[in-house]
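See below for query_21.tsv, which holds TSV, C-alpha atoms and all ligand atoms.
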chain	number	residue	atom	x	y	z
C	1	MET	CA	-20.69	128.10	82.47
C	2	GLY	CA	-16.98	128.56	81.71
C	3	PRO	CA	-14.58	131.00	83.37
C	4	VAL	CA	-15.38	134.69	82.92
C	5	PRO	CA	-12.81	136.38	80.65
C	6	SER	CA	-10.95	139.24	82.28
C	7	VAL	CA	-11.26	141.53	79.24
C	8	GLU	CA	-13.90	142.17	76.59
C	9	SER	CA	-13.54	139.32	74.17
C	10	GLY	CA	-15.36	137.83	71.24
C	11	PRO	CA	-18.11	139.32	69.16
C	12	GLY	CA	-20.80	138.54	71.73
C	13	VAL	CA	-24.49	137.85	71.15
C	14	ARG	CA	-26.44	140.31	68.99
C	15	VAL	CA	-30.23	140.49	69.44
C	16	ARG	CA	-32.67	142.42	67.26
C	17	VAL	CA	-35.88	143.58	68.93
C	18	PRO	CA	-38.94	145.31	67.45
C	19	ALA	CA	-40.79	148.48	68.40
C	20	LYS	CA	-44.52	148.21	69.01
C	21	VAL	CA	-47.56	150.14	67.91
C	22	ASN	CA	-50.80	149.86	69.86
C	23	LEU	CA	-53.58	149.29	67.33
C	24	HIS	CA	-56.02	149.46	70.23
C	25	LEU	CA	-55.27	151.00	73.62
C	26	GLY	CA	-58.18	150.89	76.04
C	27	VAL	CA	-57.30	152.44	79.39
C	28	ARG	CA	-59.63	151.33	82.17
C	29	ASP	CA	-59.66	152.00	85.90
C	30	LEU	CA	-56.67	152.92	88.00
C	31	ARG	CA	-55.82	149.88	90.13
C	32	ASP	CA	-54.75	149.83	93.77
C	33	ASP	CA	-51.13	149.21	92.66
C	34	GLY	CA	-51.14	152.54	90.75
C	35	PHE	CA	-51.35	150.97	87.28
C	36	HIS	CA	-54.30	151.28	84.94
C	37	GLU	CA	-56.10	148.16	83.80
C	38	LEU	CA	-55.46	147.96	80.04
C	39	VAL	CA	-56.98	146.18	77.09
C	40	THR	CA	-54.58	146.62	74.21
C	41	VAL	CA	-53.60	145.14	70.87
C	42	PHE	CA	-49.86	145.34	70.23
C	43	GLN	CA	-48.21	144.88	66.88
C	44	ALA	CA	-44.43	144.42	66.52
C	45	ILE	CA	-42.99	146.34	63.56
C	46	ASP	CA	-39.64	146.21	61.78
C	47	LEU	CA	-38.29	149.38	63.37
C	48	ALA	CA	-35.79	147.68	65.63
C	49	ASP	CA	-33.13	148.29	68.27
C	50	GLU	CA	-30.15	145.96	68.62
C	51	VAL	CA	-28.54	144.87	71.85
C	52	THR	CA	-25.19	143.06	71.81
C	53	ALA	CA	-24.01	141.38	75.01
C	54	ARG	CA	-20.25	140.79	75.15
C	55	PRO	CA	-18.15	138.97	77.74
C	56	ALA	CA	-16.76	141.41	80.31
C	57	VAL	CA	-16.13	141.82	84.00
C	58	GLY	CA	-18.95	143.69	85.70
C	59	LEU	CA	-21.86	145.34	83.93
C	60	THR	CA	-21.41	148.22	81.46
C	61	VAL	CA	-23.99	149.81	79.14
C	62	ARG	CA	-23.14	151.82	76.03
C	63	VAL	CA	-25.81	153.44	73.85
C	64	SER	CA	-25.59	154.76	70.29
C	65	GLY	CA	-28.04	155.73	67.55
C	66	GLU	CA	-31.43	157.49	67.52
C	67	GLY	CA	-31.89	159.66	70.63
C	68	SER	CA	-29.00	158.02	72.48
C	69	ALA	CA	-28.00	161.29	74.15
C	70	HIS	CA	-31.19	161.01	76.23
C	71	VAL	CA	-30.64	157.44	77.36
C	72	PRO	CA	-28.92	156.67	80.69
C	73	THR	CA	-25.98	154.25	80.77
C	74	ASP	CA	-26.21	153.41	84.49
C	75	PRO	CA	-28.69	151.24	86.46
C	76	GLN	CA	-31.42	153.68	85.38
C	77	ASN	CA	-31.20	152.05	81.97
C	78	ILE	CA	-33.86	149.35	81.97
C	79	ALA	CA	-31.51	147.07	80.01
C	80	TRP	CA	-29.05	147.23	82.93
C	81	ARG	CA	-31.84	146.23	85.31
C	82	ALA	CA	-32.84	143.38	82.98
C	83	ALA	CA	-29.28	141.98	82.98
C	84	ALA	CA	-28.99	142.30	86.77
C	85	MET	CA	-32.37	140.62	87.32
C	86	LEU	CA	-31.53	137.71	85.01
C	87	ALA	CA	-28.12	137.23	86.67
C	88	GLU	CA	-29.75	137.06	90.09
C	89	HIS	CA	-32.43	134.66	88.86
C	90	ALA	CA	-29.85	132.39	87.20
C	91	HIS	CA	-27.28	132.64	90.04
C	92	VAL	CA	-24.52	133.90	87.73
C	93	PRO	CA	-22.40	137.06	88.06
C	94	PRO	CA	-23.81	140.04	86.09
C	95	ASP	CA	-20.78	140.23	83.79
C	96	ALA	CA	-21.51	141.77	80.40
C	97	LEU	CA	-20.81	144.74	78.18
C	98	LEU	CA	-24.17	145.75	76.67
C	99	ASP	CA	-24.05	147.72	73.44
C	100	ILE	CA	-27.45	149.18	72.58
C	101	THR	CA	-27.99	150.58	69.09
C	102	LYS	CA	-31.21	152.56	69.04
C	103	ALA	CA	-33.53	153.06	66.08
C	104	ILE	CA	-36.71	153.23	68.17
C	105	PRO	CA	-37.37	156.85	69.19
C	106	VAL	CA	-36.71	157.56	72.88
C	107	ALA	CA	-39.83	158.49	74.88
C	108	GLY	CA	-41.73	158.06	71.62
C	109	GLY	CA	-44.58	155.83	72.82
C	110	MET	CA	-43.10	152.80	71.03
C	111	ALA	CA	-41.69	151.03	74.10
C	112	GLY	CA	-38.06	151.38	73.05
C	113	GLY	CA	-36.66	150.97	76.55
C	114	SER	CA	-38.88	147.95	77.16
C	115	ALA	CA	-37.69	146.45	73.86
C	116	ASP	CA	-34.06	146.87	74.97
C	117	ALA	CA	-34.85	145.14	78.27
C	118	ALA	CA	-36.43	142.21	76.40
C	119	ALA	CA	-33.44	142.01	74.04
C	120	THR	CA	-31.05	142.09	76.99
C	121	LEU	CA	-32.81	139.14	78.65
C	122	VAL	CA	-32.38	137.09	75.45
C	123	ALA	CA	-28.80	138.26	74.79
C	124	CYS	CA	-27.57	137.66	78.35
C	125	ALA	CA	-29.40	134.34	78.71
C	126	THR	CA	-27.56	133.22	75.55
C	127	LEU	CA	-24.19	134.71	76.53
C	128	TRP	CA	-24.32	133.28	80.04
C	129	ARG	CA	-25.87	129.97	78.89
C	130	THR	CA	-28.41	130.23	81.69
C	131	ARG	CA	-30.93	127.86	80.00
C	132	THR	CA	-33.69	130.09	81.40
C	133	SER	CA	-37.08	128.81	80.20
C	134	ARG	CA	-39.28	130.96	77.99
C	135	ALA	CA	-41.86	131.07	80.79
C	136	ASP	CA	-39.25	132.39	83.24
C	137	LEU	CA	-38.04	135.01	80.73
C	138	LEU	CA	-41.64	136.18	80.29
C	139	ASP	CA	-42.03	136.31	84.07
C	140	LEU	CA	-38.83	138.38	84.49
C	141	ALA	CA	-40.01	140.64	81.65
C	142	ALA	CA	-43.36	141.29	83.35
C	143	ARG	CA	-41.52	142.20	86.57
C	144	LEU	CA	-39.31	144.68	84.69
C	145	GLY	CA	-42.21	146.61	83.19
C	146	SER	CA	-45.69	146.44	81.67
C	147	ASP	CA	-44.40	146.57	78.08
C	148	VAL	CA	-41.38	144.24	78.34
C	149	ALA	CA	-43.13	140.91	77.77
C	150	PHE	CA	-44.59	141.82	74.37
C	151	PRO	CA	-41.29	142.44	72.52
C	152	LEU	CA	-40.17	138.96	73.64
C	153	LEU	CA	-43.23	137.52	71.91
C	154	GLY	CA	-43.58	139.84	68.89
C	155	GLY	CA	-46.24	139.39	66.21
C	156	THR	CA	-49.63	140.79	67.11
C	157	ALA	CA	-51.10	140.15	70.53
C	158	LEU	CA	-53.92	141.10	72.84
C	159	GLY	CA	-52.54	142.48	76.11
C	160	THR	CA	-54.57	142.65	79.32
C	161	GLY	CA	-53.72	143.35	82.97
C	162	ARG	CA	-51.05	146.07	82.80
C	163	GLY	CA	-50.46	144.92	79.22
C	164	GLU	CA	-48.24	142.03	80.29
C	165	VAL	CA	-50.84	139.23	80.03
C	166	LEU	CA	-50.50	138.33	76.36
C	167	THR	CA	-52.58	136.28	73.96
C	168	PRO	CA	-51.25	135.98	70.38
C	169	ALA	CA	-53.69	137.25	67.74
C	170	LEU	CA	-54.16	135.70	64.31
C	171	THR	CA	-53.45	138.02	61.38
C	172	THR	CA	-53.41	137.72	57.61
C	173	GLY	CA	-50.87	139.63	55.54
C	174	ARG	CA	-48.86	142.62	56.63
C	175	LEU	CA	-49.74	146.17	57.59
C	176	HIS	CA	-47.74	149.02	56.05
C	177	TRP	CA	-46.98	151.88	58.42
C	178	VAL	CA	-45.48	155.34	58.23
C	179	LEU	CA	-44.14	156.67	61.52
C	180	ALA	CA	-43.87	160.40	62.07
C	181	LEU	CA	-41.15	160.96	64.68
C	182	ALA	CA	-41.35	164.12	66.79
C	183	ALA	CA	-38.56	166.44	67.86
C	184	PHE	CA	-39.59	165.97	71.51
C	185	GLY	CA	-40.62	163.13	73.83
C	186	ILE	CA	-43.63	162.60	76.09
C	187	SER	CA	-43.25	160.78	79.40
C	188	ALA	CA	-45.78	157.94	79.59
C	189	GLY	CA	-46.44	158.89	83.23
C	190	ASP	CA	-47.37	162.45	82.21
C	191	ALA	CA	-49.80	161.13	79.57
C	192	TYR	CA	-51.56	158.81	82.05
C	193	ARG	CA	-51.75	161.63	84.64
C	194	GLU	CA	-53.29	163.93	82.02
C	195	LEU	CA	-55.88	161.26	81.14
C	196	ASP	CA	-56.71	160.86	84.87
C	197	ARG	CA	-57.08	164.64	85.12
C	198	GLN	CA	-59.37	164.76	82.08
C	199	ARG	CA	-61.48	161.92	83.48
C	200	ALA	CA	-61.73	163.54	86.93
C	201	ALA	CA	-62.86	166.76	85.23
C	202	GLY	CA	-65.47	164.83	83.20
C	203	ASP	CA	-63.69	165.85	79.98
C	204	ALA	CA	-62.78	162.38	78.72
C	205	ARG	CA	-64.77	160.00	76.56
C	206	GLN	CA	-65.72	156.51	77.79
C	207	PRO	CA	-62.88	153.98	77.75
C	208	ALA	CA	-62.73	152.00	74.52
C	209	GLY	CA	-64.74	148.76	74.41
C	210	ARG	CA	-63.35	145.34	73.49
C	211	PRO	CA	-61.26	145.28	70.28
C	212	GLU	CA	-63.34	142.58	68.56
C	213	VAL	CA	-63.90	144.54	65.31
C	214	LEU	CA	-60.18	145.24	65.03
C	215	LEU	CA	-59.19	141.62	65.75
C	216	ASP	CA	-61.69	140.43	63.14
C	217	ALA	CA	-60.25	142.87	60.54
C	218	LEU	CA	-56.70	141.70	61.34
C	219	ARG	CA	-57.74	138.05	60.92
C	220	ALA	CA	-59.29	138.95	57.57
C	221	GLY	CA	-56.22	140.96	56.50
C	222	ASP	CA	-58.35	144.02	55.69
C	223	PRO	CA	-56.29	147.20	56.33
C	224	HIS	CA	-59.26	149.49	55.66
C	225	ARG	CA	-61.45	147.85	58.31
C	226	ALA	CA	-58.45	147.64	60.66
C	227	GLY	CA	-57.73	151.32	60.05
C	228	ALA	CA	-61.29	152.30	60.91
C	229	ALA	CA	-60.98	150.38	64.18
C	230	LEU	CA	-57.69	151.92	65.44
C	231	THR	CA	-58.32	153.33	68.94
C	232	ASN	CA	-56.16	155.00	71.57
C	233	ASP	CA	-57.64	156.26	74.84
C	234	LEU	CA	-54.36	158.07	75.57
C	235	GLN	CA	-54.53	160.11	72.34
C	236	PRO	CA	-56.54	163.03	73.79
C	237	ALA	CA	-54.04	163.25	76.66
C	238	ALA	CA	-51.08	163.22	74.25
C	239	LEU	CA	-52.78	165.92	72.14
C	240	ALA	CA	-53.36	168.04	75.26
C	241	LEU	CA	-49.67	167.73	76.17
C	242	ALA	CA	-48.48	168.28	72.58
C	243	PRO	CA	-51.14	170.17	70.56
C	244	SER	CA	-48.85	170.26	67.48
C	245	LEU	CA	-49.61	166.56	66.94
C	246	ARG	CA	-53.06	167.55	65.62
C	247	ARG	CA	-51.35	169.05	62.59
C	248	THR	CA	-49.35	165.87	62.08
C	249	LEU	CA	-52.48	163.68	62.23
C	250	THR	CA	-54.43	166.01	59.93
C	251	ALA	CA	-51.59	166.11	57.41
C	252	GLY	CA	-51.41	162.30	57.32
C	253	ALA	CA	-55.14	162.05	56.67
C	254	ASP	CA	-55.02	164.76	53.97
C	255	LEU	CA	-52.08	163.05	52.29
C	256	GLY	CA	-53.96	159.79	51.86
C	257	ALA	CA	-53.31	157.56	54.90
C	258	ILE	CA	-56.01	154.98	55.55
C	259	ALA	CA	-55.90	156.04	59.20
C	260	GLY	CA	-53.57	157.70	61.68
C	261	ILE	CA	-53.12	157.31	65.42
C	262	VAL	CA	-50.83	158.50	68.20
C	263	CYS	CA	-48.55	155.59	69.26
C	264	GLY	CA	-49.25	154.75	72.91
C	265	SER	CA	-48.49	157.82	75.02
C	266	GLY	CA	-47.00	159.61	71.98
C	267	PRO	CA	-45.61	161.71	70.48
C	268	THR	CA	-44.85	159.38	67.53
C	269	CYS	CA	-47.81	159.18	65.13
C	270	ALA	CA	-48.43	156.00	63.09
C	271	PHE	CA	-50.23	156.06	59.74
C	272	LEU	CA	-51.64	152.96	58.11
C	273	CYS	CA	-51.21	152.75	54.32
C	274	ALA	CA	-52.65	150.46	51.64
C	275	ASP	CA	-49.28	149.10	50.48
C	276	ALA	CA	-45.53	149.71	50.45
C	277	ARG	CA	-45.70	152.24	47.59
C	278	ALA	CA	-48.34	154.31	49.34
C	279	ALA	CA	-46.27	154.20	52.54
C	280	ASN	CA	-43.12	155.43	50.78
C	281	ARG	CA	-45.09	158.26	49.14
C	282	LEU	CA	-46.71	159.31	52.41
C	283	ALA	CA	-43.38	159.19	54.29
C	284	ALA	CA	-41.82	161.57	51.76
C	285	SER	CA	-44.84	163.93	51.71
C	286	LEU	CA	-45.16	164.10	55.49
C	287	ALA	CA	-41.45	164.89	55.86
C	288	ALA	CA	-41.78	167.63	53.21
C	289	GLU	CA	-44.80	169.16	55.02
C	290	GLY	CA	-42.61	169.85	58.07
C	291	VAL	CA	-45.17	168.37	60.49
C	292	CYS	CA	-42.66	166.06	62.17
C	293	ARG	CA	-38.92	165.72	62.72
C	294	THR	CA	-38.54	162.79	60.36
C	295	THR	CA	-40.42	159.76	59.05
C	296	ARG	CA	-39.83	156.01	58.85
C	297	VAL	CA	-41.66	153.31	56.93
C	298	ALA	CA	-42.26	150.01	58.69
C	299	VAL	CA	-44.21	146.77	58.30
C	300	GLY	CA	-45.80	144.55	60.89
C	301	PRO	CA	-46.20	142.04	62.30
C	302	VAL	CA	-42.60	140.84	62.77
C	303	PRO	CA	-41.16	138.32	65.26
C	304	GLY	CA	-40.06	139.25	68.77
C	305	ALA	CA	-36.50	139.55	70.15
C	306	ARG	CA	-34.18	137.09	68.40
C	307	VAL	CA	-30.48	136.37	68.16
C	308	VAL	CA	-29.10	137.56	64.81
C	309	GLY	CA	-25.38	137.14	65.35
G	401	LIG	P1	-43.51	153.39	76.46
G	401	LIG	O1	-44.12	153.34	75.11
G	401	LIG	O2	-43.26	152.01	77.07
G	401	LIG	O3	-44.16	154.32	77.39
G	401	LIG	P2	-41.48	155.10	75.40
G	401	LIG	O4	-41.12	154.48	74.09
G	401	LIG	O5	-42.40	156.26	75.38
G	401	LIG	O6	-42.03	153.93	76.32
G	401	LIG	P3	-38.76	154.85	76.18
G	401	LIG	O7	-38.03	155.13	74.91
G	401	LIG	O8	-38.89	153.42	76.59
G	401	LIG	O9	-40.19	155.53	76.15
G	401	LIG	O10	-38.01	155.68	77.31
G	401	LIG	C1	-38.61	156.33	78.38
G	401	LIG	C2	-37.50	156.88	79.29
G	401	LIG	O11	-36.80	155.78	79.87
G	401	LIG	C3	-36.46	157.69	78.54
G	401	LIG	O12	-36.73	159.05	78.67
G	401	LIG	C4	-35.13	157.28	79.17
G	401	LIG	O13	-34.65	158.27	80.04
G	401	LIG	C5	-35.42	156.04	79.99
G	401	LIG	N1	-34.69	154.85	79.51
G	401	LIG	C6	-34.13	153.91	80.29
G	401	LIG	N2	-33.58	152.93	79.56
G	401	LIG	C7	-33.80	153.22	78.26
G	401	LIG	C8	-33.47	152.57	77.04
G	401	LIG	N3	-32.78	151.41	77.01
G	401	LIG	N4	-33.88	153.14	75.89
G	401	LIG	C9	-34.60	154.30	75.94
G	401	LIG	N5	-34.90	154.96	77.06
G	401	LIG	C10	-34.52	154.44	78.23

Is it possible to give me this structure as structure tokens?
Ligand code: ATP
Amino acid sequence: MGPVPSVESGPGVRVRVPAKVNLHLGVRDLRDDGFHELVTVFQAIDLADEVTARPAVGLTVRVSGEGSAHVPTDPQNIAWRAAAMLAEHAHVPPDALLDITKAIPVAGGMAGGSADAAATLVACATLWRTRTSRADLLDLAARLGSDVAFPLLGGTALGTGRGEVLTPALTTGRLHWVLALAAFGISAGDAYRELDRQRAAGDARQPAGRPEVLLDALRAGDPHRAGAALTNDLQPAALALAPSLRRTLTAGADLGAIAGIVCGSGPTCAFLCADARAANRLAASLAAEGVCRTTRVAVGPVPGARVVG
């Protein structure tokens, strides 16, 4: 690589990265390493954060957009850790100014932080010309967190292990989503602890089985069958932590969604609609009902983290 500029210079490398919804989230046993064994189906949707990596001396993170007041700008930011890890792997100095523009709700169950980490790996690998292989990027992603590998891949994928062992899934057509964003966040750790508590107390249902019916519906491009097969083992825990989400889910069903589900550990709720018109109508009606902070329409699947400028 060339000499490192002594000041911020140039427009840098801009990477767009999608949020995810879990169409199926089966939470199995707690493993010895403290993680749960998961069987999940991720879908990447066109609600996206952007990370721009610019030449600089040292590492700096700036955050703007949706929920940015709640996002750290120091090494606690997972994007910072992603840049530092890549620099170490590639034997280059961790010199970059990272500008993160958030659209993915913070602590919303849509893996926004993980998406930023994935985008940072791509942006910094490009900026620093590290020539890191895709396999190595996926390996670094898996070390950063359970949900970081998927936004590199995008599309729709079956995730096993902690969610980081990914197999792309075949789909036909696009799914139309309405996202109901909450005025509060839920920590994923709190949701998993609540599920463990419910299971220890004998209050939880059996973990979800294999997602074969869902995968078949996705292959066939049938949103009604896919909607009927949406499953989230963390939903009862999210509802226990945030009972107001019941009203949100009920309103979505009453207002004509094919199906509704809590995204991952919540509190964002995702509603599947028949087409773009139905999604726009539902987004407006849900916002008017006052059962969420705001709504977004989105489609999936979309590609994973990619350089856009
Ligand atoms: P998941 O679905 O993977 O559980 P989430 O979408 O619920 O994640 P995130 O938005 O990833 O949650 O953020 C969780 C916490 O991580 C936030 O409360 C924030 O303090 C911290 N955090 C660190 N880096 C970031 C980042 N780049 N964007 C958002 N939050 C971040």

Nearby polymer residues, ligand LIG 401 (chain G), at most 7 Å, only C-alpha atoms and all ligand atoms, as a list in words:
His70, Val71, Pro72, Gln76, Asn77, Ile78, Ala79, Pro105, Val106, Ala107, Gly108, Gly109, Met110, Ala111, Gly112, Gly113, Ser114, Asp116, Ala117, Asp147, Ile186, Ser187, Ala188, Gly264, Ser265 and Gly266 of chain C

Closest to Val41 of chain C among C:Leu86, C:Ala237, C:Val213, C:Leu23, using only C-alpha atoms?
C:Leu23

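Shortest separation to Val17 of chain C among C:Ala284, C:Ala118, C:Ala220, C:Leu127 occurs at residue C:Ala118, atoms counted being all atoms listed in the file.
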
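When only C-alpha atoms are used to compute distances to Val63 of chain C, the closest of the residues C:Ala48, C:Leu30, C:Ala204, C:Leu97 turns out to be C:Leu97.
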
Interatomic distance between atom CA of Trp80 of chain C and atom CA of Leu121 of chain C?
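So the answer is 9.9 Å.
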
Of C:Gly155, C:Leu47, C:Leu230, C:Leu137, the one nearest to Thr167 of chain C when counting all atoms listed in the file is C:Gly155

What separation in Å, quoted to one decimal, exists between atom CA of Ala96 of chain C and atom CA of Ile45 of chain C?
27.7 Å

Looking at C:Leu214, C:Ala182, C:Ala259, C:Ile100, which one is nearest to Arg62 of chain C, with distances taken over all atoms listed in the file?
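Selected residue with least distance to Arg62 of chain C: C:Ile100.
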
Contact check, segment 5-100 of chain C to segment 293-306 of chain C, at most 10 Å, counting all atoms listed in the file, closest pairs as JSON lines:
{"residue": "C:Arg14", "atom": "CA", "partner": "C:Arg306", "partner_atom": "CA", "distance": 8.4}
{"residue": "C:Val15", "atom": "CA", "partner": "C:Arg306", "partner_atom": "CA", "distance": 5.3}
{"residue": "C:Arg16", "atom": "CA", "partner": "C:Ala305", "partner_atom": "CA", "distance": 5.6}
{"residue": "C:Val17", "atom": "CA", "partner": "C:Ala305", "partner_atom": "CA", "distance": 4.3}
{"residue": "C:Pro18", "atom": "CA", "partner": "C:Gly304", "partner_atom": "CA", "distance": 6.3}
{"residue": "C:Ala19", "atom": "CA", "partner": "C:Gly304", "partner_atom": "CA", "distance": 9.3}
{"residue": "C:Lys20", "atom": "CA", "partner": "C:Gly300", "partner_atom": "CA", "distance": 9.0}
{"residue": "C:Val21", "atom": "CA", "partner": "C:Gly300", "partner_atom": "CA", "distance": 9.1}
{"residue": "C:Phe42", "atom": "CA", "partner": "C:Pro301", "partner_atom": "CA", "distance": 9.3}
{"residue": "C:Gln43", "atom": "CA", "partner": "C:Pro301", "partner_atom": "CA", "distance": 5.8}
{"residue": "C:Ala44", "atom": "CA", "partner": "C:Pro301", "partner_atom": "CA", "distance": 5.2}
{"residue": "C:Ile45", "atom": "CA", "partner": "C:Gly300", "partner_atom": "CA", "distance": 4.3}
{"residue": "C:Asp46", "atom": "CA", "partner": "C:Ala298", "partner_atom": "CA", "distance": 5.6}
{"residue": "C:Leu47", "atom": "CA", "partner": "C:Ala298", "partner_atom": "CA", "distance": 6.2}
{"residue": "C:Ala48", "atom": "CA", "partner": "C:Ala305", "partner_atom": "CA", "distance": 9.3}
{"residue": "C:Asp49", "atom": "CA", "partner": "C:Ala305", "partner_atom": "CA", "distance": 9.6}
{"residue": "C:Glu50", "atom": "CA", "partner": "C:Ala305", "partner_atom": "CA", "distance": 9.2}
{"residue": "C:Val51", "atom": "CA", "partner": "C:Ala305", "partner_atom": "CA", "distance": 9.7}

Would you please work out which residue, of C:Gly252, C:Gly260, C:Gly309, C:Gly173, is nearest to Val291 of chain C when using all atoms listed in the file?
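That would be C:Gly252, the residue with the smallest distance to Val291 of chain C.
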
List as a PyMOL selection string the protein and nucleic acid residues near Ala253 of chain C, meaning an atom at most 12 Å away when only C-alpha atoms are counted, but skip any in the same chain fewer than 6 places from it.
chain C and resi 178+227+246-247+259-261+269-273+282+285-286

What does the distance between atom CA of Gly65 of chain C and atom CA of Ala238 of chain C come to in Å, to one decimal place?
25.1 Å

Is there a way to get, as a PyMOL selection string, all residues within 9 Å of the point (-61.5, 158.7, 74.1) in file coordinates, counting all atoms listed in the file?
chain C and resi 26+204-208+231-236

Can I get segment 130-136 of chain C with all heavy atoms filled in, as a tab-separated table (two decimals), keeping the file's coordinate frame?
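The resulting file, out-v9.tsv, is shown below:
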chain	number	residue	atom	x	y	z
C	130	THR	N	-27.64	130.45	80.45
C	130	THR	CA	-28.41	130.23	81.69
C	130	THR	C	-29.49	129.17	81.52
C	130	THR	O	-30.05	128.71	82.52
C	130	THR	CB	-29.11	131.53	82.15
C	130	THR	OG1	-30.03	131.93	81.13
C	130	THR	CG2	-28.12	132.64	82.43
C	131	ARG	N	-29.85	128.83	80.27
C	131	ARG	CA	-30.93	127.86	80.00
C	131	ARG	C	-32.24	128.29	80.67
C	131	ARG	O	-33.05	127.44	81.07
C	131	ARG	CB	-30.55	126.46	80.48
C	131	ARG	CG	-29.34	125.91	79.78
C	131	ARG	CD	-28.96	124.56	80.36
C	131	ARG	NE	-27.86	123.99	79.60
C	131	ARG	CZ	-28.02	123.30	78.47
C	131	ARG	NH1	-29.22	123.10	77.98
C	131	ARG	NH2	-26.97	122.82	77.83
C	132	THR	N	-32.44	129.59	80.80
C	132	THR	CA	-33.69	130.09	81.40
C	132	THR	C	-34.85	129.73	80.47
C	132	THR	O	-34.77	129.94	79.26
C	132	THR	CB	-33.62	131.62	81.57
C	132	THR	OG1	-32.37	131.92	82.20
C	132	THR	CG2	-34.76	132.16	82.41
C	133	SER	N	-35.93	129.21	81.04
C	133	SER	CA	-37.08	128.81	80.20
C	133	SER	C	-37.77	130.06	79.67
C	133	SER	O	-37.65	131.16	80.22
C	133	SER	CB	-38.07	127.99	81.02
C	133	SER	OG	-38.69	128.83	81.99
C	134	ARG	N	-38.52	129.87	78.59
C	134	ARG	CA	-39.28	130.96	77.99
C	134	ARG	C	-40.27	131.53	79.02
C	134	ARG	O	-40.45	132.74	79.14
C	134	ARG	CB	-40.01	130.41	76.77
C	134	ARG	CG	-40.69	131.43	75.94
C	134	ARG	CD	-40.27	131.34	74.48
C	134	ARG	NE	-40.86	132.46	73.77
C	134	ARG	CZ	-40.19	133.54	73.42
C	134	ARG	NH1	-38.91	133.66	73.72
C	134	ARG	NH2	-40.79	134.51	72.78
C	135	ALA	N	-40.88	130.64	79.78
C	135	ALA	CA	-41.86	131.07	80.79
C	135	ALA	C	-41.18	131.96	81.84
C	135	ALA	O	-41.72	132.99	82.25
C	135	ALA	CB	-42.50	129.86	81.45
C	136	ASP	N	-39.96	131.58	82.25
C	136	ASP	CA	-39.25	132.39	83.24
C	136	ASP	C	-38.82	133.73	82.65
C	136	ASP	O	-38.86	134.77	83.33
C	136	ASP	CB	-38.03	131.64	83.79
C	136	ASP	CG	-38.42	130.63	84.86
C	136	ASP	OD1	-39.62	130.53	85.17
C	136	ASP	OD2	-37.52	129.94	85.38
